[in-house]
>>> print(open('model-v7.pdb').read())   # PDB, C-alpha atoms
MODEL        1
ATOM      1  CA  MET V   1     -59.372  39.690  71.721
ATOM      2  CA  VAL V   2     -58.973  36.164  70.390
ATOM      3  CA  GLU V   3     -60.047  33.031  72.229
ATOM      4  CA  PHE V   4     -57.851  30.035  71.508
ATOM      5  CA  LEU V   5     -59.780  26.873  72.377
ATOM      6  CA  ASN V   6     -58.401  23.368  72.612
ATOM      7  CA  CYS V   7     -60.181  20.119  73.504
ATOM      8  CA  PHE V   8     -57.900  17.316  74.687
ATOM      9  CA  GLY V   9     -58.575  13.618  74.376
ATOM     10  CA  VAL V  10     -56.658  11.868  77.172
ATOM     11  CA  LYS V  11     -56.329   8.117  77.624
ATOM     12  CA  PRO V  12     -57.796   6.569  80.806
ATOM     13  CA  GLY V  13     -55.343   6.970  83.659
ATOM     14  CA  GLY V  14     -53.463   9.768  81.915
ATOM     15  CA  LYS V  15     -55.047  12.771  83.624
ATOM     16  CA  GLN V  16     -52.200  13.596  86.043
ATOM     17  CA  GLU V  17     -49.543  13.071  83.381
ATOM     18  CA  PHE V  18     -51.444  15.396  81.054
ATOM     19  CA  PHE V  19     -51.874  18.058  83.727
ATOM     20  CA  THR V  20     -48.148  18.091  84.555
ATOM     21  CA  VAL V  21     -47.223  18.844  80.942
ATOM     22  CA  TRP V  22     -50.119  21.267  80.528
ATOM     23  CA  LEU V  23     -48.785  23.314  83.485
ATOM     24  CA  GLU V  24     -45.343  23.491  81.869
ATOM     25  CA  VAL V  25     -46.832  24.654  78.566
ATOM     26  CA  ASN V  26     -49.104  27.113  80.356
ATOM     27  CA  THR V  27     -46.205  28.626  82.325
ATOM     28  CA  TYR V  28     -44.299  29.078  79.059
ATOM     29  CA  MET V  29     -47.219  30.632  77.198
ATOM     30  CA  ARG V  30     -48.366  33.092  79.872
ATOM     31  CA  ALA V  31     -44.973  34.838  79.684
ATOM     32  CA  LYS V  32     -45.486  35.580  75.982
ATOM     33  CA  PRO V  33     -46.420  39.065  74.654
ATOM     34  CA  GLY V  34     -50.157  39.457  74.186
ATOM     35  CA  TYR V  35     -51.149  36.735  76.636
ATOM     36  CA  VAL V  36     -54.281  37.723  78.562
ATOM     37  CA  GLY V  37     -55.553  34.723  80.495
ATOM     38  CA  HIS V  38     -56.869  31.171  80.408
ATOM     39  CA  THR V  39     -59.203  28.602  81.924
ATOM     40  CA  LEU V  40     -58.835  24.824  82.086
ATOM     41  CA  TYR V  41     -61.850  22.554  82.489
ATOM     42  CA  ARG V  42     -61.767  18.860  83.444
ATOM     43  CA  SER V  43     -64.635  16.535  82.619
ATOM     44  CA  LEU V  44     -66.801  15.114  85.388
ATOM     45  CA  SER V  45     -67.929  12.165  83.263
ATOM     46  CA  PRO V  46     -65.702   9.238  82.195
ATOM     47  CA  ASP V  47     -67.699   9.118  78.961
ATOM     48  CA  ALA V  48     -66.719  12.627  77.868
ATOM     49  CA  THR V  49     -65.231  12.881  74.392
ATOM     50  CA  TYR V  50     -62.601  15.264  75.763
ATOM     51  CA  ARG V  51     -61.090  14.928  79.242
ATOM     52  CA  TYR V  52     -59.850  18.541  79.304
ATOM     53  CA  VAL V  53     -60.910  21.748  77.554
ATOM     54  CA  ASN V  54     -58.621  24.774  77.554
ATOM     55  CA  THR V  55     -59.474  28.368  76.698
ATOM     56  CA  ALA V  56     -56.732  30.988  76.284
ATOM     57  CA  GLN V  57     -57.294  34.675  75.664
ATOM     58  CA  TRP V  58     -54.838  36.638  73.529
ATOM     59  CA  GLU V  59     -54.751  40.321  72.647
ATOM     60  CA  SER V  60     -54.659  39.510  68.925
ATOM     61  CA  ALA V  61     -54.522  36.651  66.444
ATOM     62  CA  GLN V  62     -50.943  37.654  65.611
ATOM     63  CA  ALA V  63     -49.816  37.478  69.242
ATOM     64  CA  CYS V  64     -51.452  34.069  69.572
ATOM     65  CA  GLN V  65     -49.813  32.787  66.409
ATOM     66  CA  GLU V  66     -46.343  34.084  67.305
ATOM     67  CA  ALA V  67     -46.547  32.543  70.790
ATOM     68  CA  HIS V  68     -46.919  29.076  69.284
ATOM     69  CA  ASP V  69     -43.203  28.964  68.471
ATOM     70  CA  GLN V  70     -40.462  26.342  68.560
ATOM     71  CA  GLY V  71     -40.261  26.468  72.351
ATOM     72  CA  PHE V  72     -43.973  25.781  72.581
ATOM     73  CA  ARG V  73     -43.737  22.899  70.130
ATOM     74  CA  GLU V  74     -40.916  21.276  72.083
ATOM     75  CA  LEU V  75     -42.923  21.384  75.320
ATOM     76  CA  ALA V  76     -46.254  20.400  73.759
ATOM     77  CA  GLY V  77     -44.604  17.499  71.957
ATOM     78  CA  ALA V  78     -44.733  15.605  75.253
ATOM     79  CA  LEU V  79     -48.521  15.572  74.991
ATOM     80  CA  ALA V  80     -48.388  13.870  71.603
ATOM     81  CA  GLN V  81     -46.035  11.289  73.100
ATOM     82  CA  GLN V  82     -48.736  10.556  75.694
ATOM     83  CA  GLY V  83     -51.222   9.903  72.901
ATOM     84  CA  VAL V  84     -53.160  13.069  73.692
ATOM     85  CA  THR V  85     -55.359  14.353  70.854
ATOM     86  CA  SER V  86     -56.227  18.045  70.467
ATOM     87  CA  THR V  87     -58.376  20.469  68.460
ATOM     88  CA  PRO V  88     -56.486  23.800  68.643
ATOM     89  CA  SER V  89     -58.184  26.711  66.848
ATOM     90  CA  PRO V  90     -58.911  30.442  67.270
ATOM     91  CA  TYR V  91     -62.442  31.558  68.156
ATOM     92  CA  GLU V  92     -64.381  34.726  68.903
ATOM     93  CA  LEU V  93     -66.925  35.208  71.683
ATOM     94  CA  VAL V  94     -70.249  35.787  69.893
ATOM     95  CA  HIS V  95     -72.799  35.438  72.719
ATOM     96  CA  ASP V  96     -71.976  36.293  76.337
ATOM     97  CA  GLY V  97     -74.839  35.290  78.643
ATOM     98  CA  ARG V  98     -73.057  35.545  81.961
ATOM     99  CA  GLN V  99     -75.148  37.543  84.392
ATOM    100  CA  PRO V 100     -73.453  40.684  85.789
ATOM    101  CA  THR V 101     -73.591  39.714  89.463
ATOM    102  CA  ILE V 102     -72.459  36.197  88.698
ATOM    103  CA  ARG V 103     -69.691  37.469  86.454
ATOM    104  CA  LEU V 104     -68.128  39.368  89.339
ATOM    105  CA  ALA V 105     -68.541  36.490  91.760
ATOM    106  CA  TYR V 106     -67.295  33.972  89.262
ATOM    107  CA  CYS V 107     -64.309  35.934  88.031
TER     108      CYS V 107
ATOM    109  CA  MET U   1     -71.005  25.163  90.038
ATOM    110  CA  VAL U   2     -70.993  22.871  87.024
ATOM    111  CA  GLU U   3     -69.756  23.849  83.572
ATOM    112  CA  PHE U   4     -71.622  22.133  80.763
ATOM    113  CA  LEU U   5     -69.460  22.247  77.634
ATOM    114  CA  ASN U   6     -70.535  21.382  74.127
ATOM    115  CA  CYS U   7     -68.544  21.474  70.875
ATOM    116  CA  PHE U   8     -70.631  21.623  67.706
ATOM    117  CA  GLY U   9     -69.616  20.356  64.302
ATOM    118  CA  VAL U  10     -71.541  22.371  61.698
ATOM    119  CA  LYS U  11     -71.563  21.709  57.967
ATOM    120  CA  PRO U  12     -70.178  24.453  55.676
ATOM    121  CA  GLY U  13     -72.861  27.082  55.081
ATOM    122  CA  GLY U  14     -74.871  26.017  58.126
ATOM    123  CA  LYS U  15     -73.685  28.628  60.604
ATOM    124  CA  GLN U  16     -76.749  30.912  60.529
ATOM    125  CA  GLU U  17     -79.154  27.974  60.600
ATOM    126  CA  PHE U  18     -77.307  26.575  63.613
ATOM    127  CA  PHE U  19     -77.305  29.919  65.429
ATOM    128  CA  THR U  20     -81.073  30.373  64.966
ATOM    129  CA  VAL U  21     -81.805  27.041  66.657
ATOM    130  CA  TRP U  22     -79.129  27.590  69.289
ATOM    131  CA  LEU U  23     -80.835  30.866  70.312
ATOM    132  CA  GLU U  24     -84.170  29.052  70.719
ATOM    133  CA  VAL U  25     -82.571  26.357  72.867
ATOM    134  CA  ASN U  26     -80.660  28.972  74.862
ATOM    135  CA  THR U  27     -83.818  30.999  75.548
ATOM    136  CA  TYR U  28     -85.528  27.838  76.786
ATOM    137  CA  MET U  29     -82.642  26.752  79.008
ATOM    138  CA  ARG U  30     -81.910  30.094  80.668
ATOM    139  CA  ALA U  31     -85.424  30.110  82.166
ATOM    140  CA  LYS U  32     -84.723  26.814  83.956
ATOM    141  CA  PRO U  33     -84.022  26.604  87.733
ATOM    142  CA  GLY U  34     -80.318  26.607  88.495
ATOM    143  CA  TYR U  35     -79.242  28.288  85.250
ATOM    144  CA  VAL U  36     -76.353  30.688  85.868
ATOM    145  CA  GLY U  37     -74.943  31.802  82.516
ATOM    146  CA  HIS U  38     -73.312  30.853  79.242
ATOM    147  CA  THR U  39     -70.851  31.795  76.519
ATOM    148  CA  LEU U  40     -70.884  30.879  72.834
ATOM    149  CA  TYR U  41     -67.706  30.900  70.754
ATOM    150  CA  ARG U  42     -67.523  30.782  66.945
ATOM    151  CA  SER U  43     -64.405  29.605  65.153
ATOM    152  CA  LEU U  44     -62.316  32.046  63.147
ATOM    153  CA  SER U  45     -60.799  29.295  61.003
ATOM    154  CA  PRO U  46     -62.669  27.251  58.372
ATOM    155  CA  ASP U  47     -60.435  24.310  59.326
ATOM    156  CA  ALA U  48     -61.660  24.150  62.913
ATOM    157  CA  THR U  49     -62.922  20.752  64.043
ATOM    158  CA  TYR U  50     -65.845  22.500  65.760
ATOM    159  CA  ARG U  51     -67.551  25.585  64.348
ATOM    160  CA  TYR U  52     -69.119  26.554  67.698
ATOM    161  CA  VAL U  53     -68.234  25.872  71.332
ATOM    162  CA  ASN U  54     -70.800  26.520  74.056
ATOM    163  CA  THR U  55     -70.204  26.768  77.813
ATOM    164  CA  ALA U  56     -73.139  26.856  80.245
ATOM    165  CA  GLN U  57     -72.876  27.342  83.985
ATOM    166  CA  TRP U  58     -75.351  25.621  86.312
ATOM    167  CA  GLU U  59     -75.722  25.805  90.080
ATOM    168  CA  SER U  60     -75.476  22.015  90.355
ATOM    169  CA  ALA U  61     -75.199  18.828  88.317
ATOM    170  CA  GLN U  62     -78.775  17.981  89.258
ATOM    171  CA  ALA U  63     -80.140  21.300  87.989
ATOM    172  CA  CYS U  64     -78.215  20.817  84.743
ATOM    173  CA  GLN U  65     -79.511  17.287  84.315
ATOM    174  CA  GLU U  66     -83.139  18.192  85.050
ATOM    175  CA  ALA U  67     -83.035  21.101  82.600
ATOM    176  CA  HIS U  68     -82.239  18.734  79.743
ATOM    177  CA  ASP U  69     -85.863  17.583  79.617
ATOM    178  CA  GLN U  70     -88.350  16.676  76.896
ATOM    179  CA  GLY U  71     -88.838  20.326  75.928
ATOM    180  CA  PHE U  72     -85.100  20.692  75.460
ATOM    181  CA  ARG U  73     -84.900  17.524  73.379
ATOM    182  CA  GLU U  74     -87.695  18.692  71.075
ATOM    183  CA  LEU U  75     -85.922  22.004  70.399
ATOM    184  CA  ALA U  76     -82.421  20.539  70.135
ATOM    185  CA  GLY U  77     -83.674  17.855  67.767
ATOM    186  CA  ALA U  78     -83.593  20.465  65.022
ATOM    187  CA  LEU U  79     -79.800  20.560  65.314
ATOM    188  CA  ALA U  80     -79.543  16.831  64.653
ATOM    189  CA  GLN U  81     -81.755  17.325  61.595
ATOM    190  CA  GLN U  82     -79.194  19.854  60.332
ATOM    191  CA  GLY U  83     -76.486  17.222  60.673
ATOM    192  CA  VAL U  84     -74.881  19.054  63.599
ATOM    193  CA  THR U  85     -72.616  16.899  65.799
ATOM    194  CA  SER U  86     -72.070  17.644  69.499
ATOM    195  CA  THR U  87     -70.012  16.596  72.536
ATOM    196  CA  PRO U  88     -72.214  17.526  75.543
ATOM    197  CA  SER U  89     -70.671  16.779  78.949
ATOM    198  CA  PRO U  90     -70.321  18.302  82.450
ATOM    199  CA  TYR U  91     -66.978  19.788  83.505
ATOM    200  CA  GLU U  92     -65.387  21.542  86.449
ATOM    201  CA  LEU U  93     -63.091  24.578  86.291
ATOM    202  CA  VAL U  94     -59.721  23.332  87.574
ATOM    203  CA  HIS U  95     -57.349  26.175  86.615
ATOM    204  CA  ASP U  96     -58.477  29.795  86.334
ATOM    205  CA  GLY U  97     -55.720  31.979  84.920
ATOM    206  CA  ARG U  98     -57.731  35.053  84.093
ATOM    207  CA  GLN U  99     -55.999  38.130  85.443
ATOM    208  CA  PRO U 100     -58.027  40.207  87.943
ATOM    209  CA  THR U 101     -58.007  43.450  85.973
ATOM    210  CA  ILE U 102     -58.765  41.634  82.759
ATOM    211  CA  ARG U 103     -61.491  39.604  84.415
ATOM    212  CA  LEU U 104     -63.376  42.760  85.300
ATOM    213  CA  ALA U 105     -62.886  44.295  81.870
ATOM    214  CA  TYR U 106     -63.710  41.082  80.074
ATOM    215  CA  CYS U 107     -66.751  40.120  82.132
TER     216      CYS U 107
ENDMDL
END
>>> encode(input="model-v7.pdb", output="structure tokens")
Amino acid sequence: MVEFLNCFGVKPGGKQEFFTVWLEVNTYMRAKPGYVGHTLYRSLSPDATYRYVNTAQWESAQACQEAHDQGFRELAGALAQQGVTSTPSPYELVHDGRQPTIRLAYC
Amino acid sequence: MVEFLNCFGVKPGGKQEFFTVWLEVNTYMRAKPGYVGHTLYRSLSPDATYRYVNTAQWESAQACQEAHDQGFRELAGALAQQGVTSTPSPYELVHDGRQPTIRLAYC
């Protein structure tokens, strides 16, 4: 399992515009081979460095890499046009401190 | 539920030193009222903007805020001494795309 994390810097007032494009990209990516799941977090503070943080789980690094194809780039290009910054990179989960009962309730 | 997210910039060669302090801070924080759970991700690419990304779940924003007390600051101060950068901020989960069967297996 690979975790693909991405922190998005979004200009003030651009949250809805970002989310619309993010949904389009997400719909495209979740149909790709090896896609497992995702979460999207939105900041509660206007001072946050990143307005949104996205995690995506892929079966393998190869599946993740192949999914970021030309179709993805065409859709995601709209985010760059909005002035959105991003920090896309693959990660591994190295410390899982979710409590069992909470994990079931939370998931 | 509040998600407290933090991206850490760690100098090359500083991963183990970071992780040692992070474990101390984590042990301190998980004993606090309102603590729910956490995950720690480590980058797989040397080019990643952030070497580690930490998520922590708290029952409320108030519990999260109160947990970041003087004891926390004394422990976390060691990270600043290492030259570690961070982006601490509260978030909310706005899109959960984890698949039910995977959620159980993954959690």
>>> residues_near_point(input="model-v7.pdb", point="(-44.6, 27.3, 80.5)", cutoff="12 Å", atoms="only C-alpha atoms", output="list in words")
Thr20, Val21, Trp22, Leu23, Glu24, Val25, Asn26, Thr27, Tyr28, Met29, Arg30, Ala31, Lys32, Ala67, His68, Gly71, Phe72, Arg73, Glu74, Leu75 and Ala76 of chain V
>>> resolve_selection(input="model-v7.pdb", expression="the PyMOL selection byres ((chain V) within 10 of (chain U))", output="PyMOL selection string")
chain V and resi 1-5+7+23+26+30+36-57+61+86-100+102-104+106-107
>>> atom_distance(input="model-v7.pdb", atom1="CA of Gly77 (chain U)", atom2="CA of Lys15 (chain U)")
16.3 Å
>>> closest_residue(input="model-v7.pdb", among="U:Leu79, U:Thr85, U:Gly9, U:Gly34", to="Ala63 (chain U)", atoms="all atoms listed in the file")
U:Gly34
>>> atom_distance(input="model-v7.pdb", atom1="CA of Gly83 (chain U)", atom2="CA of Val10 (chain V)")
26.3 Å
>>> atom_distance(input="model-v7.pdb", atom1="CA of Ala80 (chain U)", atom2="CA of Phe19 (chain U)")
13.3 Å
>>> closest_residue(input="model-v7.pdb", among="V:Asp69, V:Phe8, V:Ser60, V:Gln81", to="Tyr35 (chain V)", atoms="only C-alpha atoms")
V:Ser60
>>> axis_aligned_box(input="model-v7.pdb", around="region 82-90 of chain U", padding_each_side="4 Å", output="lines of an AutoDock Vina configuration file")
center_x = -74.6
center_y = 18.2
center_z = 71.4
size_x = 17.2
size_y = 11.3
size_z = 30.1
